[in-house]
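For reference, structure_26.txt is printed below; it contains compact mmCIF, C-alpha atoms.
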```
# COMPACT_ATOMS: atom_id res chain seq x y z
CA MET U 1 0.00 0.00 0.00
CA HIS U 2 1.20 3.50 -0.86
CA LYS U 3 2.02 5.68 2.13
CA GLN U 4 0.26 9.05 2.31
CA PRO U 5 2.60 12.08 2.27
CA ASP U 6 2.88 13.72 5.69
CA PRO U 7 0.87 16.99 5.89
CA ASN U 8 3.36 18.14 8.57
CA SER U 9 6.33 17.81 6.24
CA TYR U 10 8.01 21.04 5.23
CA PHE U 11 8.45 19.53 1.78
CA THR U 12 4.67 19.04 1.50
CA LEU U 13 4.12 22.64 2.59
CA PHE U 14 6.78 23.83 0.15
CA ALA U 15 5.12 21.87 -2.68
CA LEU U 16 1.73 23.38 -1.76
CA SER U 17 3.22 26.88 -1.67
CA LEU U 18 4.74 26.44 -5.11
CA VAL U 19 1.56 25.01 -6.63
CA ASN U 20 -0.63 27.70 -5.08
CA SER U 21 1.78 30.56 -5.86
CA CYS U 22 2.05 29.57 -9.50
CA GLY U 23 -1.71 29.15 -9.69
CA ALA U 24 -2.42 32.54 -8.24
CA ALA U 25 0.68 34.24 -9.66
CA SER U 26 -1.29 36.77 -11.69
CA LEU U 27 -2.93 37.95 -8.51
CA LEU U 28 0.21 37.91 -6.39
CA LEU U 29 2.06 39.80 -9.13
CA ALA U 30 -0.88 42.02 -10.14
CA PRO U 31 1.06 45.32 -10.25
CA VAL U 32 3.57 43.87 -12.71
CA ILE U 33 0.88 42.09 -14.73
CA VAL U 34 -1.25 45.25 -15.01
CA GLY U 35 1.79 47.21 -16.18
CA GLY U 36 2.59 44.53 -18.73
CA LEU U 37 -0.97 44.41 -20.05
CA VAL U 38 -0.91 48.17 -20.54
CA SER U 39 2.61 48.48 -21.96
CA THR U 40 2.75 45.44 -24.24
CA LEU U 41 -0.85 44.87 -25.31
CA GLY U 42 -2.10 48.45 -25.21
CA PHE U 43 -4.97 47.74 -22.81
CA SER U 44 -6.13 50.69 -20.75
CA GLY U 45 -5.41 50.70 -17.03
CA GLN U 46 -9.11 50.07 -16.45
CA GLN U 47 -9.14 47.05 -18.79
CA ALA U 48 -6.03 45.63 -17.13
CA GLY U 49 -7.68 46.08 -13.73
CA TYR U 50 -10.80 44.29 -14.94
CA ILE U 51 -8.66 41.38 -16.17
CA ILE U 52 -7.05 40.99 -12.73
CA SER U 53 -10.48 41.40 -11.10
CA SER U 54 -11.91 38.71 -13.37
CA GLU U 55 -9.19 36.30 -12.28
CA LEU U 56 -9.72 37.18 -8.62
CA ALA U 57 -13.48 36.63 -9.00
CA GLY U 58 -12.81 33.18 -10.47
CA LEU U 59 -10.50 32.33 -7.57
CA ALA U 60 -13.04 33.44 -4.97
CA LEU U 61 -15.92 31.63 -6.64
CA ALA U 62 -13.96 28.36 -6.74
CA ALA U 63 -12.43 28.37 -3.28
CA ILE U 64 -15.63 28.69 -1.29
CA PRO U 65 -17.75 25.91 -2.85
CA ALA U 66 -14.68 23.68 -3.33
CA ALA U 67 -14.42 23.41 0.43
CA LEU U 68 -17.83 21.73 0.39
CA TRP U 69 -17.07 19.03 -2.22
CA LEU U 70 -13.30 18.62 -2.03
CA SER U 71 -13.40 15.89 0.62
CA ARG U 72 -15.05 13.56 -1.91
CA PHE U 73 -12.14 13.73 -4.38
CA ASN U 74 -8.52 12.65 -4.50
CA TRP U 75 -6.59 15.87 -3.86
CA GLN U 76 -3.62 14.82 -5.98
CA ARG U 77 -5.91 14.22 -8.96
CA VAL U 78 -7.59 17.58 -8.40
CA LEU U 79 -4.15 19.24 -8.42
CA TYR U 80 -3.08 17.39 -11.58
CA VAL U 81 -6.23 18.47 -13.41
CA MET U 82 -5.87 21.99 -12.03
CA LEU U 83 -2.29 22.25 -13.25
CA VAL U 84 -3.18 20.97 -16.73
CA VAL U 85 -5.97 23.56 -17.00
CA LEU U 86 -3.64 26.30 -15.73
CA ILE U 87 -0.94 25.31 -18.19
CA ALA U 88 -3.43 25.37 -21.06
CA GLY U 89 -4.90 28.67 -19.86
CA ASN U 90 -1.50 30.32 -19.55
CA VAL U 91 -0.29 29.02 -22.92
CA LEU U 92 -3.48 30.35 -24.50
CA THR U 93 -3.16 33.66 -22.63
CA SER U 94 0.42 34.06 -23.87
CA THR U 95 -0.96 34.33 -27.42
CA LEU U 96 -4.05 36.47 -26.76
CA MET U 97 -4.47 40.09 -27.75
CA ASP U 98 -8.28 40.40 -27.54
CA TYR U 99 -9.61 41.94 -24.34
CA SER U 100 -12.88 39.96 -24.14
CA THR U 101 -11.17 36.62 -24.67
CA PHE U 102 -8.51 37.62 -22.14
CA LEU U 103 -11.22 38.25 -19.52
CA ILE U 104 -12.82 34.85 -20.06
CA VAL U 105 -9.57 32.86 -20.06
CA ARG U 106 -8.27 34.64 -16.96
CA PHE U 107 -11.58 34.00 -15.13
CA ILE U 108 -11.21 30.28 -15.90
CA THR U 109 -7.59 30.24 -14.75
CA GLY U 110 -8.57 32.12 -11.59
CA PHE U 111 -11.32 29.59 -10.89
CA THR U 112 -8.80 26.79 -11.35
CA ALA U 113 -6.33 28.50 -9.01
CA GLY U 114 -9.11 28.65 -6.41
CA LEU U 115 -9.14 24.85 -6.39
CA SER U 116 -5.44 24.94 -5.51
CA LEU U 117 -6.19 27.23 -2.60
CA ALA U 118 -8.89 24.88 -1.33
CA VAL U 119 -6.55 21.87 -1.50
CA SER U 120 -3.80 23.84 0.27
CA MET U 121 -6.09 24.85 3.12
CA SER U 122 -7.41 21.28 3.43
CA VAL U 123 -3.90 19.83 3.72
CA ILE U 124 -2.85 22.47 6.24
CA ASN U 125 -5.97 21.69 8.25
CA LEU U 126 -4.84 18.02 8.46
CA SER U 127 -1.51 18.94 10.01
CA SER U 128 -0.75 18.75 13.71
CA ASP U 129 -0.04 22.51 13.93
CA PRO U 130 -2.20 24.31 11.34
CA ASP U 131 -1.28 27.79 12.61
CA ARG U 132 2.46 27.21 12.22
CA ASN U 133 2.02 25.51 8.86
CA LEU U 134 -0.23 28.25 7.53
CA GLY U 135 2.44 30.76 8.54
CA PHE U 136 5.12 28.72 6.76
CA TRP U 137 2.93 28.36 3.64
CA PHE U 138 2.10 32.07 3.61
CA SER U 139 5.73 33.12 4.18
CA LEU U 140 6.88 31.07 1.19
CA GLN U 141 4.18 32.65 -0.96
CA LEU U 142 5.31 36.12 0.11
CA LEU U 143 8.94 35.27 -0.64
CA LEU U 144 8.02 34.02 -4.12
CA THR U 145 5.95 37.17 -4.69
CA VAL U 146 8.86 39.43 -3.71
CA VAL U 147 11.18 37.59 -6.09
CA GLY U 148 8.60 37.84 -8.88
CA LEU U 149 7.99 41.54 -8.30
CA ALA U 150 11.73 42.18 -8.41
CA LEU U 151 12.56 40.15 -11.53
CA LEU U 152 9.52 40.21 -13.78
CA PRO U 153 9.49 43.86 -14.93
CA THR U 154 12.77 43.25 -16.76
CA TYR U 155 11.41 39.98 -18.15
CA ILE U 156 8.30 41.76 -19.47
CA SER U 157 10.38 44.43 -21.17
CA SER U 158 12.31 41.67 -22.97
CA PHE U 159 9.54 39.15 -23.73
CA GLY U 160 6.24 41.01 -23.28
CA ILE U 161 3.30 39.98 -21.15
CA GLY U 162 2.87 36.82 -23.23
CA GLY U 163 6.32 35.76 -22.05
CA ILE U 164 5.16 35.97 -18.42
CA TYR U 165 2.22 33.67 -19.08
CA ALA U 166 4.44 31.25 -21.03
CA LEU U 167 6.91 31.26 -18.12
CA LEU U 168 4.06 30.50 -15.69
CA ALA U 169 2.97 27.61 -17.89
CA ALA U 170 6.54 26.24 -17.86
CA PHE U 171 6.73 26.49 -14.05
CA GLN U 172 3.33 24.83 -13.73
CA PHE U 173 4.47 22.00 -15.96
CA CYS U 174 7.40 21.39 -13.58
CA LEU U 175 4.96 21.36 -10.65
CA LEU U 176 3.25 18.30 -12.08
CA PHE U 177 6.20 16.41 -10.57
CA VAL U 178 5.69 17.68 -6.98
CA VAL U 179 1.97 16.90 -6.66
CA ARG U 180 2.81 13.37 -5.49
CA PHE U 181 4.17 14.91 -2.28
CA VAL U 182 0.72 16.26 -1.37
CA PRO U 183 -1.68 13.97 0.52
CA ALA U 184 -4.42 12.42 -1.62
CA GLY U 185 -7.08 13.26 0.93
CA GLY U 186 -8.03 13.64 4.54
```
Write out the structure in this file as structure tokens.
Amino acid sequence: MHKQPDPNSYFTLFALSLVNSCGAASLLLAPVIVGGLVSTLGFSGQQAGYIISSELAGLALAAIPAALWLSRFNWQRVLYVMLVVLIAGNVLTSTLMDYSTFLIVRFITGFTAGLSLAVSMSVINLSSDPDRNLGFWFSLQLLLTVVGLALLPTYISSFGIGGIYALLAAFQFCLLFVVRFVPAGG
């Protein structure tokens, strides 16, 4: 029988932080993303704000109801499906130039990222010290956000906003290999 990964393991928490940070990267890096949408695609500041808001709405709408049904599903499978949808959404976004399509695709990716948040909170809830582990998880997300905010403006000026979404898709592809370190359920 396969042994369940330990929800108290720092590696499990690190894997969750990476999966969740890459899922919600557009939101964590919103100032850079908004600037990139305006400077490379010519969207207005208002349009760029609506795109980020659309993604945030998707995340919020997924996270709340997911808490009600998530216990019935294998969390690793949910994360695999979530990552595949995020990869596809980010690859598609990297090629988009149309505002309306951008809004729809980013809403879907935000909704998918909300599933990641629900899995993360469920795993942390299983741990022996949820408060400590939530702090660890959150600290890693903040660290990844700081690194992204420092490095991505230069990346956008070289590769455009599409390059950011392609980079996210590449990171998310790599994360397919760490999902096995997350418990399959509670």
Response to the item:
Between U:Pro5, U:Val78, U:Ala24, U:Leu13, smallest distance to Gly135 of chain U by only C-alpha atoms belongs to U:Leu13
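Atom pair atom CA of Gly186 of chain U / atom CA of Met121 of chain U has a distance of 11.5 Å (rounded to one decimal).
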Practice prompt. Give the answer as one residue: which of U:Ile52, U:Val32, U:Ile156, U:Leu70 has the shortest atom-to-atom distance to Ser120 of chain U, using only C-alpha atoms?
Written response: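 That would be U:Leu70, the residue with the smallest distance to Ser120 of chain U.
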Fill in: Contact residues around Pro153 of chain U with only C-alpha atoms at 12 Å, ignoring same-chain residues under 3 positions, as a PyMOL selection string
chain U and resi 29-37+39-40+147-150+156-161+163-164
Fill in: Surrounding residues of Leu28 of chain U excluding itself and chain neighbours under 5 positions, 12 Å, all atoms listed in the file, as an MDAnalysis selection string
chainID U and resid 20:23 33:34 52 55:56 110 113 138 141:149
Worksheet, complete the sentence: As a check of understanding: the span from atom CA of Val123 of chain U to atom CA of Arg72 of chain U is 14.0 Å
Listed atoms of segment 9-13 of chain U boxed axis-aligned with 8 Å per side, centre + edges as JSON:
```
{"center_x": 6.3, "center_y": 20.2, "center_z": 3.9, "size_x": 20.3, "size_y": 20.8, "size_z": 20.7}
```
Discussion item. To one decimal place in Å, what is the distance between atom CA of Asn133 of chain U and atom CA of Asn8 of chain U?
Written reply: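 If I compute the distance from atom CA of Asn133 of chain U to atom CA of Asn8 of chain U, I get 7.5 Å.
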Worksheet entry | Who sits within 8 Å of Trp137 of chain U, all atoms listed in the file, same chain under 6 positions skipped, as an MDAnalysis selection string | chainID U and resid 13:14 16:17
Item to complete: Go through U:Ala60, U:Met97, U:Val119, U:Leu152 and flag the residue nearest Leu167 of chain U, using only C-alpha atoms for the distances.
Response: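 Nearest to Leu167 of chain U: U:Leu152.
Closest approach to Ile104 of chain U among U:Val85, U:Leu151, U:Ala66, U:Ile51: U:Ile51, based on only C-alpha atoms.
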Would you fill out segment 2-24 of chain U with N, CA and C atoms and return it as a PDB file, keeping the file's coordinate frame?
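Wrote it out as out-v7.pdb, contents follow:
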```pdb
ATOM      1  N   HIS U   2       0.459   2.254  -0.739  1.00  0.00           N
ATOM      2  CA  HIS U   2       1.200   3.500  -0.860  1.00  0.00           C
ATOM      3  C   HIS U   2       0.991   4.359   0.377  1.00  0.00           C
ATOM      4  N   LYS U   3       2.099   4.851   0.941  1.00  0.00           N
ATOM      5  CA  LYS U   3       2.020   5.680   2.130  1.00  0.00           C
ATOM      6  C   LYS U   3       1.638   7.109   1.770  1.00  0.00           C
ATOM      7  N   GLN U   4       0.701   7.670   2.514  1.00  0.00           N
ATOM      8  CA  GLN U   4       0.260   9.050   2.310  1.00  0.00           C
ATOM      9  C   GLN U   4       1.395  10.011   2.674  1.00  0.00           C
ATOM     10  N   PRO U   5       1.628  11.060   1.875  1.00  0.00           N
ATOM     11  CA  PRO U   5       2.600  12.080   2.270  1.00  0.00           C
ATOM     12  C   PRO U   5       2.163  12.747   3.579  1.00  0.00           C
ATOM     13  N   ASP U   6       3.124  13.132   4.376  1.00  0.00           N
ATOM     14  CA  ASP U   6       2.880  13.720   5.690  1.00  0.00           C
ATOM     15  C   ASP U   6       2.482  15.197   5.541  1.00  0.00           C
ATOM     16  N   PRO U   7       1.282  15.584   5.998  1.00  0.00           N
ATOM     17  CA  PRO U   7       0.870  16.990   5.890  1.00  0.00           C
ATOM     18  C   PRO U   7       1.703  17.916   6.773  1.00  0.00           C
ATOM     19  N   ASN U   8       2.493  17.347   7.705  1.00  0.00           N
ATOM     20  CA  ASN U   8       3.360  18.140   8.570  1.00  0.00           C
ATOM     21  C   ASN U   8       4.737  18.387   7.967  1.00  0.00           C
ATOM     22  N   SER U   9       5.020  17.702   6.877  1.00  0.00           N
ATOM     23  CA  SER U   9       6.330  17.810   6.240  1.00  0.00           C
ATOM     24  C   SER U   9       6.519  19.193   5.623  1.00  0.00           C
ATOM     25  N   TYR U  10       7.715  19.762   5.854  1.00  0.00           N
ATOM     26  CA  TYR U  10       8.010  21.040   5.230  1.00  0.00           C
ATOM     27  C   TYR U  10       8.054  20.900   3.711  1.00  0.00           C
ATOM     28  N   PHE U  11       8.423  19.734   3.222  1.00  0.00           N
ATOM     29  CA  PHE U  11       8.450  19.530   1.780  1.00  0.00           C
ATOM     30  C   PHE U  11       7.023  19.576   1.215  1.00  0.00           C
ATOM     31  N   THR U  12       6.073  18.978   1.930  1.00  0.00           N
ATOM     32  CA  THR U  12       4.670  19.040   1.500  1.00  0.00           C
ATOM     33  C   THR U  12       4.198  20.490   1.482  1.00  0.00           C
ATOM     34  N   LEU U  13       4.518  21.239   2.532  1.00  0.00           N
ATOM     35  CA  LEU U  13       4.120  22.640   2.590  1.00  0.00           C
ATOM     36  C   LEU U  13       4.799  23.469   1.507  1.00  0.00           C
ATOM     37  N   PHE U  14       6.059  23.141   1.218  1.00  0.00           N
ATOM     38  CA  PHE U  14       6.780  23.830   0.150  1.00  0.00           C
ATOM     39  C   PHE U  14       6.132  23.528  -1.194  1.00  0.00           C
ATOM     40  N   ALA U  15       5.782  22.261  -1.429  1.00  0.00           N
ATOM     41  CA  ALA U  15       5.120  21.870  -2.680  1.00  0.00           C
ATOM     42  C   ALA U  15       3.781  22.606  -2.812  1.00  0.00           C
ATOM     43  N   LEU U  16       3.006  22.670  -1.730  1.00  0.00           N
ATOM     44  CA  LEU U  16       1.730  23.380  -1.760  1.00  0.00           C
ATOM     45  C   LEU U  16       1.932  24.869  -2.058  1.00  0.00           C
ATOM     46  N   SER U  17       2.947  25.462  -1.440  1.00  0.00           N
ATOM     47  CA  SER U  17       3.220  26.880  -1.670  1.00  0.00           C
ATOM     48  C   SER U  17       3.564  27.150  -3.120  1.00  0.00           C
ATOM     49  N   LEU U  18       4.369  26.274  -3.705  1.00  0.00           N
ATOM     50  CA  LEU U  18       4.740  26.440  -5.110  1.00  0.00           C
ATOM     51  C   LEU U  18       3.517  26.297  -6.019  1.00  0.00           C
ATOM     52  N   VAL U  19       2.735  25.250  -5.791  1.00  0.00           N
ATOM     53  CA  VAL U  19       1.560  25.010  -6.630  1.00  0.00           C
ATOM     54  C   VAL U  19       0.585  26.184  -6.505  1.00  0.00           C
ATOM     55  N   ASN U  20       0.329  26.614  -5.284  1.00  0.00           N
ATOM     56  CA  ASN U  20      -0.630  27.700  -5.080  1.00  0.00           C
ATOM     57  C   ASN U  20      -0.083  29.029  -5.597  1.00  0.00           C
ATOM     58  N   SER U  21       1.201  29.304  -5.384  1.00  0.00           N
ATOM     59  CA  SER U  21       1.780  30.560  -5.860  1.00  0.00           C
ATOM     60  C   SER U  21       1.759  30.645  -7.375  1.00  0.00           C
ATOM     61  N   CYS U  22       2.076  29.546  -8.039  1.00  0.00           N
ATOM     62  CA  CYS U  22       2.050  29.570  -9.500  1.00  0.00           C
ATOM     63  C   CYS U  22       0.624  29.607 -10.026  1.00  0.00           C
ATOM     64  N   GLY U  23      -0.315  29.074  -9.278  1.00  0.00           N
ATOM     65  CA  GLY U  23      -1.710  29.150  -9.690  1.00  0.00           C
ATOM     66  C   GLY U  23      -2.255  30.559  -9.569  1.00  0.00           C
ATOM     67  N   ALA U  24      -1.905  31.205  -8.496  1.00  0.00           N
ATOM     68  CA  ALA U  24      -2.420  32.540  -8.240  1.00  0.00           C
ATOM     69  C   ALA U  24      -1.394  33.626  -8.556  1.00  0.00           C
TER      70      ALA U  24
END
```
